[in-house]
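Take a look at the structure below.
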Number of protein chains: 2
Amino acid sequence: MATSPSRSGGRSARIRADVHRAVAQLVTEVDVESLTLPLIANRAGVHPTTLYRRWGSVADLVAAVAASRFTGDLVVPDTGSLRGDLEQWAAEVATDLADPETAALLRAAVGSGAQGGYSCIADRIEQLRAMTDRERGRGAVAVPEVLDVADALLGPLYFRTLFGDGPGDPDRARTLVRRLLPQPS
Amino acid sequence: MATSPSRSGGRSARIRADVHRAVAQLVTEVDVESLTLPLIANRAGVHPTTLYRRWGSVADLVAAVAASRFTGDLVVPDTGSLRGDLEQWAAEVATDLADPETAALLRAAVGSGAQGGYSCIADRIEQLRAMTDRERGRGAVAVPEVLDVADALLGPLYFRTLFGDGPGDPDRARTLVRRLLPQPS
C-alpha cells in the first residue's frame, strides 16, 4: 500500500504476486480440471480480463507460476566435492517435493502440458550443470553427464512424488547419489 | 450392434468403451484444464448425467481410463534372466511412453491428482515384482528390491517423458538396466 497505484510497475508486480499466490493455493484445493481463469481471478481479487490479457490460458499461467516457484529457490551447495554437493542438493530437492503445496503445483504444471513440466525442472538442470562443470574445473575425470545425473537423482524423486507416496526422506535421496558415485570423488 | 440395447451389460460396456476412447482422444487435443464431463459426454455421444452418475468427476474418470490403459498392456517377458527380462520390458515401456497419446493420458492422470498418477503405474510395479520374484525363485541372490528397480528404470523414463523431451529410445532404456545390474545375472 506504500506503492502508489499510479505506478504501473508496482501495480503490475503486485497483481503478479497476488495471481501467483492464488494459483499456488488453488492447486492444493481443486482438481486441475476445475482450475479456470475466472476462479483464479476471483481468488486473487483481480478482473478476469487482466488474466486473459496477461497469461492467455490456465496452462500458460500455471507454467509461469511453476517457472517462478522452481527457479532460484535452492542454493547450489559448495562442499568441495561433487558427491558432497549432490548429496546436499538431492536432500533439499526431496525436502521440497515432500511439501504438499510443491507436489500440487508440480502435478498441475505437468497436467497443463509439456511446457508446464519443463518449467518445473529447467533451473534444476542448470544447477546440476553448475555442479558438474565445477567438478570438471577441479580437474576431475569421469564426471557423469548432466542428463545422466538428472536420470539418477531427479528421475526417482519426481517419479515417487507424482506416482507413488512421496519423494522419500533426505537420507534416501543421499542414497541415490551414493549409487551414482560409489567412490568418494 | 449385434448386442441388443436391452442387455444392460452390453450397453454398459459399450458406453464405457466410448467414454474411454473419448477421454484418450480429448487429452491429446485440449489442456487438461479444459476437460469437462459435458465435453467428454458430447464426444462419446452419451448423456452427461451418465458420466456424473458413473464416474463422479473428471479426475475419477481419467484415473479409471489410465488404470485400464496401463494394466495388462505389456506382457512380462521370460528370457531366462532378470537382466534380459528387464531389458526387454524397459524397452517396451520406453516405446509406449514415446507415443504422444500415451504421454498425454499420463499428463492428464498426473494432473488430476495422486490417485491418477498411481493408476498409471500400479500394474508396472506388479510386473516388476513378478520378474524379481521369478529371479529369486531361480535361486539368485542379491536381487534388487522392486522399489529400487522402479527408481532406476521407471524413474528416468517417466521423468523424461513428463519433464523433458521424451523417454529416449529403447536402447537408452536398456542402458538403464545395465547400470542397475552391471553383471549378467
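Letters A, B, ... mark the chains of the C-alpha cells in the order given; residue numbers begin at 1 per chain; ligand numbers begin at 1, in order shown.
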
Subject >> Expected answer as a ChimeraX atom specification: chain A residues within 6 Å of chain B, only C-alpha atoms >> reply: /A:31-33,107-108,110-112,117-118,151,155-156,159,162-163

Could you take the residues named above and write them with C-alpha atoms, as a PDB file, in the first residue's frame?
```pdb
ATOM      1  CA  ASP A  31      -8.623 -30.705  -9.296  1.00  0.00           C
ATOM      2  CA  VAL A  32      -6.579 -29.131 -12.051  1.00  0.00           C
ATOM      3  CA  GLU A  33      -9.584 -29.703 -14.315  1.00  0.00           C
ATOM      4  CA  ARG A 107       1.006 -32.016 -10.724  1.00  0.00           C
ATOM      5  CA  ALA A 108      -0.848 -29.002 -12.083  1.00  0.00           C
ATOM      6  CA  VAL A 110       2.610 -31.431 -15.626  1.00  0.00           C
ATOM      7  CA  GLY A 111      -1.132 -31.725 -16.262  1.00  0.00           C
ATOM      8  CA  SER A 112      -1.178 -28.452 -18.130  1.00  0.00           C
ATOM      9  CA  GLY A 117       6.608 -29.814 -16.945  1.00  0.00           C
ATOM     10  CA  TYR A 118       9.745 -28.251 -18.387  1.00  0.00           C
ATOM     11  CA  ASP A 151      18.100 -39.563 -14.588  1.00  0.00           C
ATOM     12  CA  GLY A 155      14.108 -39.371 -12.017  1.00  0.00           C
ATOM     13  CA  PRO A 156      13.353 -41.342  -8.839  1.00  0.00           C
ATOM     14  CA  PHE A 159       8.614 -40.363 -10.130  1.00  0.00           C
ATOM     15  CA  LEU A 162       3.908 -37.977  -8.865  1.00  0.00           C
ATOM     16  CA  PHE A 163       3.175 -41.714  -8.973  1.00  0.00           C
TER      17      PHE A 163
END
```

Original post:
Got a sec to tell me which of region 28-183 of chain B DSSP assigns to helix (DSSP H, G or I), as a PyMOL selection string?
Top reply: chain B and resi 28-29+32-34+37-44+48-55+58-69+82-97+100-111+114-137+146-163+170-180

Next, the residues of the selection above should be written as a tab-separated table (two decimals), in the first residue's frame with C-alpha atoms.
```
chain	number	residue	atom	x	y	z
B	28	THR	CA	-4.34	-35.10	-26.90
B	29	GLU	CA	-6.44	-32.17	-28.12
B	32	VAL	CA	-6.44	-30.91	-19.03
B	33	GLU	CA	-7.97	-27.75	-17.51
B	34	SER	CA	-10.41	-27.69	-20.40
B	37	LEU	CA	-17.64	-34.16	-18.20
B	38	PRO	CA	-20.05	-32.45	-20.68
B	39	LEU	CA	-17.23	-32.17	-23.24
B	40	ILE	CA	-16.37	-35.85	-22.80
B	41	ALA	CA	-20.05	-36.83	-22.92
B	42	ASN	CA	-20.51	-34.91	-26.15
B	43	ARG	CA	-17.52	-36.62	-27.80
B	44	ALA	CA	-18.63	-40.05	-26.58
B	48	PRO	CA	-23.58	-36.03	-19.31
B	49	THR	CA	-25.76	-37.37	-16.49
B	50	THR	CA	-24.47	-40.87	-17.28
B	51	LEU	CA	-20.90	-39.69	-16.73
B	52	TYR	CA	-21.71	-37.84	-13.50
B	53	ARG	CA	-23.53	-40.89	-12.16
B	54	ARG	CA	-20.95	-43.46	-13.18
B	55	TRP	CA	-17.63	-41.64	-12.67
B	58	VAL	CA	-13.17	-35.80	-14.42
B	59	ALA	CA	-10.39	-36.81	-12.01
B	60	ASP	CA	-12.04	-40.15	-11.20
B	61	LEU	CA	-12.83	-40.81	-14.85
B	62	VAL	CA	-9.28	-40.02	-16.00
B	63	ALA	CA	-7.88	-42.26	-13.26
B	64	ALA	CA	-10.18	-45.08	-14.43
B	65	VAL	CA	-9.10	-44.64	-18.05
B	66	ALA	CA	-5.42	-44.61	-17.01
B	67	ALA	CA	-5.84	-47.72	-14.84
B	68	SER	CA	-7.47	-49.53	-17.76
B	69	ARG	CA	-4.98	-48.30	-20.36
B	82	LEU	CA	16.30	-60.91	-14.79
B	83	ARG	CA	18.67	-58.76	-16.84
B	84	GLY	CA	17.21	-59.97	-20.12
B	85	ASP	CA	13.64	-59.63	-18.84
B	86	LEU	CA	14.19	-56.08	-17.62
B	87	GLU	CA	15.99	-55.00	-20.80
B	88	GLN	CA	13.09	-56.19	-22.95
B	89	TRP	CA	10.47	-54.77	-20.60
B	90	ALA	CA	12.17	-51.35	-20.20
B	91	ALA	CA	12.48	-51.05	-23.97
B	92	GLU	CA	8.74	-51.73	-24.30
B	93	VAL	CA	7.86	-49.18	-21.62
B	94	ALA	CA	10.03	-46.59	-23.41
B	95	THR	CA	8.36	-47.36	-26.74
B	96	ASP	CA	4.93	-46.98	-25.15
B	97	LEU	CA	5.83	-43.66	-23.48
B	100	PRO	CA	2.12	-38.90	-27.86
B	101	GLU	CA	-1.28	-40.33	-26.88
B	102	THR	CA	0.28	-42.29	-24.03
B	103	ALA	CA	2.17	-39.23	-22.80
B	104	ALA	CA	-0.98	-37.09	-22.99
B	105	LEU	CA	-3.00	-39.56	-20.91
B	106	LEU	CA	-0.15	-39.79	-18.40
B	107	ARG	CA	-0.05	-35.98	-18.05
B	108	ALA	CA	-3.80	-35.79	-17.60
B	109	ALA	CA	-3.79	-38.56	-15.00
B	110	VAL	CA	-0.96	-36.95	-13.03
B	111	GLY	CA	-2.65	-33.56	-13.27
B	114	ALA	CA	-2.44	-38.54	-6.62
B	115	GLN	CA	-4.85	-41.37	-7.44
B	116	GLY	CA	-4.50	-40.63	-11.14
B	117	GLY	CA	-0.72	-40.98	-11.01
B	118	TYR	CA	-0.90	-44.23	-9.08
B	119	SER	CA	-3.39	-45.63	-11.61
B	120	CYS	CA	-0.72	-45.32	-14.30
B	121	ILE	CA	1.95	-47.40	-12.59
B	122	ALA	CA	0.28	-49.90	-10.24
B	123	ASP	CA	0.44	-52.66	-12.85
B	124	ARG	CA	4.00	-51.74	-13.88
B	125	ILE	CA	5.07	-52.28	-10.26
B	126	GLU	CA	3.33	-55.68	-10.19
B	127	GLN	CA	5.15	-56.64	-13.38
B	128	LEU	CA	8.49	-55.71	-11.81
B	129	ARG	CA	7.53	-57.78	-8.77
B	130	ALA	CA	6.75	-60.79	-10.98
B	131	MET	CA	10.18	-60.52	-12.63
B	132	THR	CA	12.18	-60.09	-9.42
B	133	ASP	CA	10.21	-62.85	-7.65
B	134	ARG	CA	10.90	-65.25	-10.52
B	135	GLU	CA	14.61	-64.39	-10.35
B	136	ARG	CA	14.62	-65.21	-6.63
B	137	GLY	CA	12.78	-68.44	-7.44
B	146	VAL	CA	11.09	-53.79	-6.53
B	147	LEU	CA	11.07	-50.13	-5.48
B	148	ASP	CA	14.77	-49.78	-6.24
B	149	VAL	CA	14.19	-51.26	-9.69
B	150	ALA	CA	11.29	-48.81	-10.18
B	151	ASP	CA	13.58	-45.93	-9.14
B	152	ALA	CA	16.28	-46.98	-11.58
B	153	LEU	CA	14.09	-47.76	-14.60
B	154	LEU	CA	10.67	-46.11	-14.33
B	155	GLY	CA	12.13	-43.02	-12.60
B	156	PRO	CA	14.21	-41.81	-15.56
B	157	LEU	CA	11.71	-42.96	-18.22
B	158	TYR	CA	8.73	-41.17	-16.67
B	159	PHE	CA	10.79	-38.14	-15.61
B	160	ARG	CA	12.00	-37.57	-19.18
B	161	THR	CA	8.51	-38.13	-20.59
B	162	LEU	CA	6.82	-35.59	-18.31
B	163	PHE	CA	9.60	-33.01	-17.87
B	170	PRO	CA	14.72	-48.41	-26.44
B	171	ASP	CA	18.49	-48.72	-26.38
B	172	ARG	CA	18.78	-45.96	-23.83
B	173	ALA	CA	16.20	-47.82	-21.73
B	174	ARG	CA	18.32	-50.97	-21.91
B	175	THR	CA	21.29	-48.90	-20.71
B	176	LEU	CA	19.38	-48.12	-17.52
B	177	VAL	CA	19.09	-51.86	-16.86
B	178	ARG	CA	22.81	-52.38	-17.45
B	179	ARG	CA	23.56	-49.67	-14.89
B	180	LEU	CA	21.29	-51.32	-12.34
```

Original post:
How far is it from CA of Pro167 (chain B) to CA of Val76 (chain A), in Å with one decimal?
Top reply: 26.9 Å

**OP:** Give me the residues within 12 Å of Ala17 (chain B) as a list in words, counting only C-alpha atoms and dropping any in the same chain fewer than 3 places off.
**Re:**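 Surrounding residues, per the criterion: Gly10, Arg11, Ser12, Ala13, Arg14, His20, Arg21, Ala22, Val23, Ala24, Ala44, Gly45, Val46, Ala64, Val65, Ser68 and Arg69 of chain B.
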
Output for the residues just chosen: N, CA, C and O atoms as a short mmCIF file (atom, residue, chain, number, x, y, z; two decimals), in the first residue's frame:
```cif
data_model
loop_
_atom_site.label_atom_id
_atom_site.label_comp_id
_atom_site.auth_asym_id
_atom_site.auth_seq_id
_atom_site.Cartn_x
_atom_site.Cartn_y
_atom_site.Cartn_z
N GLY B 10 -24.12 -55.34 -22.02
CA GLY B 10 -23.56 -54.96 -23.30
C GLY B 10 -23.59 -53.45 -23.51
O GLY B 10 -22.60 -52.87 -23.95
N ARG B 11 -24.69 -52.82 -23.16
CA ARG B 11 -24.80 -51.37 -23.33
C ARG B 11 -23.81 -50.67 -22.41
O ARG B 11 -23.13 -49.73 -22.81
N SER B 12 -23.74 -51.15 -21.19
CA SER B 12 -22.84 -50.54 -20.22
C SER B 12 -21.39 -50.64 -20.68
O SER B 12 -20.63 -49.68 -20.58
N ALA B 13 -21.03 -51.80 -21.21
CA ALA B 13 -19.66 -51.99 -21.69
C ALA B 13 -19.38 -51.10 -22.89
O ALA B 13 -18.28 -50.58 -23.05
N ARG B 14 -20.41 -50.92 -23.73
CA ARG B 14 -20.23 -50.10 -24.92
C ARG B 14 -20.06 -48.63 -24.53
O ARG B 14 -19.21 -47.92 -25.08
N HIS B 20 -14.15 -44.10 -22.62
CA HIS B 20 -12.69 -44.23 -22.51
C HIS B 20 -12.01 -43.71 -23.78
O HIS B 20 -11.01 -43.00 -23.71
N ARG B 21 -12.59 -44.05 -24.93
CA ARG B 21 -11.99 -43.61 -26.19
C ARG B 21 -12.06 -42.08 -26.30
O ARG B 21 -11.12 -41.44 -26.75
N ALA B 22 -13.18 -41.50 -25.86
CA ALA B 22 -13.33 -40.04 -25.92
C ALA B 22 -12.27 -39.36 -25.05
O ALA B 22 -11.67 -38.35 -25.45
N VAL B 23 -12.03 -39.90 -23.86
CA VAL B 23 -11.02 -39.31 -22.97
C VAL B 23 -9.64 -39.41 -23.61
O VAL B 23 -8.88 -38.43 -23.64
N ALA B 24 -9.31 -40.59 -24.14
CA ALA B 24 -7.99 -40.80 -24.75
C ALA B 24 -7.77 -39.83 -25.90
O ALA B 24 -6.65 -39.34 -26.11
N ALA B 44 -18.30 -38.62 -26.65
CA ALA B 44 -18.63 -40.05 -26.58
C ALA B 44 -20.05 -40.33 -27.08
O ALA B 44 -20.42 -41.49 -27.30
N GLY B 45 -20.86 -39.26 -27.24
CA GLY B 45 -22.23 -39.45 -27.68
C GLY B 45 -23.13 -40.04 -26.60
O GLY B 45 -24.07 -40.77 -26.91
N VAL B 46 -22.83 -39.71 -25.33
CA VAL B 46 -23.70 -40.17 -24.24
C VAL B 46 -24.17 -38.95 -23.45
O VAL B 46 -23.62 -37.84 -23.59
N ALA B 64 -9.65 -43.79 -13.96
CA ALA B 64 -10.18 -45.08 -14.43
C ALA B 64 -9.66 -45.41 -15.82
O ALA B 64 -9.29 -46.56 -16.11
N VAL B 65 -9.62 -44.41 -16.69
CA VAL B 65 -9.10 -44.64 -18.05
C VAL B 65 -7.62 -45.01 -17.99
O VAL B 65 -7.17 -45.94 -18.67
N SER B 68 -7.12 -48.56 -16.72
CA SER B 68 -7.47 -49.53 -17.76
C SER B 68 -6.39 -49.58 -18.84
O SER B 68 -5.94 -50.64 -19.26
N ARG B 69 -5.95 -48.40 -19.27
CA ARG B 69 -4.98 -48.30 -20.36
C ARG B 69 -3.62 -48.90 -19.97
O ARG B 69 -2.93 -49.49 -20.79
#
```
